[in-house]
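Encoded as structure tokens, the structure appears first; notes follow it.
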Amino acid sequence: MTRRDVIRSAAGCVAALPALAQVPAPAVTLPKLPYAFDALEPYIDAQTMEIHHDRHHKAYVDNLNKALAAQPDLSKRPVEEILRDLSSVPESMRAAVRNNGGGHVNHSLFWQTLGKPQGGPKGKLGAAINKSFGSQGAFEEKLRAAGLSVFGSGWAWVSHQEGGLQIETSPNQDGPWLQGRAPLLGIDVWEHAYYLKYQNKRADYLAAIVHVINWDFVSSRYEELSKG
Ligand code: MN
């Protein structure tokens, strides 16, 4: 075999590659849970975390990728950006992208905002909470009440807006992203987030989950989001 043959056969191999490359890369992948399933015990049980992450979040990822498979241009855009510009999504798949894209970004943030029990908000966020709500206790009370007020499935959110921090709610997998705002943190109040341990007692779940908010992460996120 001459050197030229080697180059030719190598080129032959390369020529065979485009067939593989035509399989579109998935738009999104399931992020790894940043801690063990049992890290939030006893507040959130390991089995709930495993099913929530490995099955529910995975289903949003798989269904979003399915919806976007025939849309290479959309697939390249960050999901947050697609959500604030849903009118650019073909109507036939808009609901699928809204629900599953929302499910993906909501849960991706949710995992990061939870962690082993630790101290409260740090630095600027602590001051902003006191300014907007009066105290940490009053803030947590308002967040719990918001979570309880959601009829059916949805989320309670804390977001940074002009004029201070706001607590708001959304149905289904909607979120502040739809209005082009990045939330600081969101509390999932779908039954799949708590039913195994708390059954119908959503109030008990909400009272528990505030113990496992990762305030280091949320405080840094606040510094980032409030810069702009
Ligand atoms: Mn969920």
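Following the order of the structure tokens, first chain is A, next is B, and so on, with residues numbered from 1 inside each chain and ligands from 1 in the order they appear.
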
Quick one: everything within 9 Å of Phe110 (chain A), counting only C-alpha atoms, minus sequence neighbours fewer than 2 positions away in the same chain. Send it as a ChimeraX atom specification. /A:105-108,112-114,185-188

List the spatial neighbours of Gln47 (chain A) as an mmCIF file with N, CA and C atoms, in the first residue's frame - criterion: any atom at most 12 Å away, only C-alpha atoms, same-chain residues fewer than 6 positions off excluded.
data_model
loop_
_atom_site.group_PDB
_atom_site.id
_atom_site.type_symbol
_atom_site.label_atom_id
_atom_site.label_comp_id
_atom_site.auth_asym_id
_atom_site.auth_seq_id
_atom_site.Cartn_x
_atom_site.Cartn_y
_atom_site.Cartn_z
ATOM 1 N N ALA A 36 -26.183 13.177 45.789
ATOM 2 C CA ALA A 36 -26.785 11.844 45.820
ATOM 3 C C ALA A 36 -28.306 11.955 46.003
ATOM 4 N N PHE A 37 -29.023 10.912 45.584
ATOM 5 C CA PHE A 37 -30.488 10.920 45.710
ATOM 6 C C PHE A 37 -30.927 11.144 47.163
ATOM 7 N N ASP A 38 -30.112 10.638 48.115
ATOM 8 C CA ASP A 38 -30.536 10.739 49.524
ATOM 9 C C ASP A 38 -29.990 11.987 50.225
ATOM 10 N N ALA A 39 -29.385 12.890 49.468
ATOM 11 C CA ALA A 39 -28.742 14.067 50.094
ATOM 12 C C ALA A 39 -29.743 14.976 50.801
ATOM 13 N N LEU A 40 -30.998 14.950 50.376
ATOM 14 C CA LEU A 40 -31.980 15.880 50.951
ATOM 15 C C LEU A 40 -32.845 15.229 52.031
ATOM 16 N N GLU A 41 -32.502 13.972 52.376
ATOM 17 C CA GLU A 41 -33.212 13.290 53.469
ATOM 18 C C GLU A 41 -32.995 14.054 54.775
ATOM 19 N N HIS A 53 -35.925 12.866 39.061
ATOM 20 C CA HIS A 53 -34.830 13.192 38.144
ATOM 21 C C HIS A 53 -34.729 12.202 36.980
ATOM 22 N N ASP A 54 -34.650 10.915 37.305
ATOM 23 C CA ASP A 54 -34.341 9.912 36.275
ATOM 24 C C ASP A 54 -35.518 9.612 35.342
ATOM 25 N N ARG A 55 -36.734 9.849 35.834
ATOM 26 C CA ARG A 55 -37.882 9.542 34.964
ATOM 27 C C ARG A 55 -38.610 10.801 34.517
ATOM 28 N N HIS A 192 -45.794 14.862 41.696
ATOM 29 C CA HIS A 192 -44.650 13.943 41.556
ATOM 30 C C HIS A 192 -43.457 14.400 42.402
ATOM 31 N N ALA A 193 -43.459 15.670 42.838
ATOM 32 C CA ALA A 193 -42.347 16.190 43.643
ATOM 33 C C ALA A 193 -42.454 15.784 45.107
ATOM 34 N N TYR A 194 -43.623 15.329 45.541
ATOM 35 C CA TYR A 194 -43.776 15.067 46.985
ATOM 36 C C TYR A 194 -44.713 13.926 47.361
ATOM 37 N N TYR A 195 -45.458 13.357 46.418
ATOM 38 C CA TYR A 195 -46.573 12.489 46.800
ATOM 39 C C TYR A 195 -46.150 11.222 47.555
ATOM 40 N N LEU A 196 -45.005 10.633 47.208
ATOM 41 C CA LEU A 196 -44.588 9.385 47.869
ATOM 42 C C LEU A 196 -44.436 9.580 49.368
ATOM 43 N N LYS A 197 -43.877 10.717 49.782
ATOM 44 C CA LYS A 197 -43.626 10.949 51.201
ATOM 45 C C LYS A 197 -44.750 11.740 51.872
#

Let me make sure I understand: among A:Trp111, A:Tyr43, A:Tyr198, A:Trp177, which one has the smallest atom-to-atom distance to ligand 1 if we use only C-alpha atoms and all ligand atoms?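 The shortest atom-to-atom distance to ligand 1 comes from A:Trp111.
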
I need the residue nearest Ile167 (chain A) from this list: A:Gly147, A:Gly152, A:Gly180, A:Gly123. Use only C-alpha atoms for the distance. A:Gly147

Select, from A:Leu86, A:Val150, A:Ala70, A:Ala59, the residue with the minimum atom-to-atom distance to ligand 1, counting only C-alpha atoms and all ligand atoms.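 Selected residue with least distance to ligand 1: A:Ala59.
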
Between CA of Gly101 (chain A) and CA of Arg144 (chain A) - distance in Å to one decimal: 25.4 Å
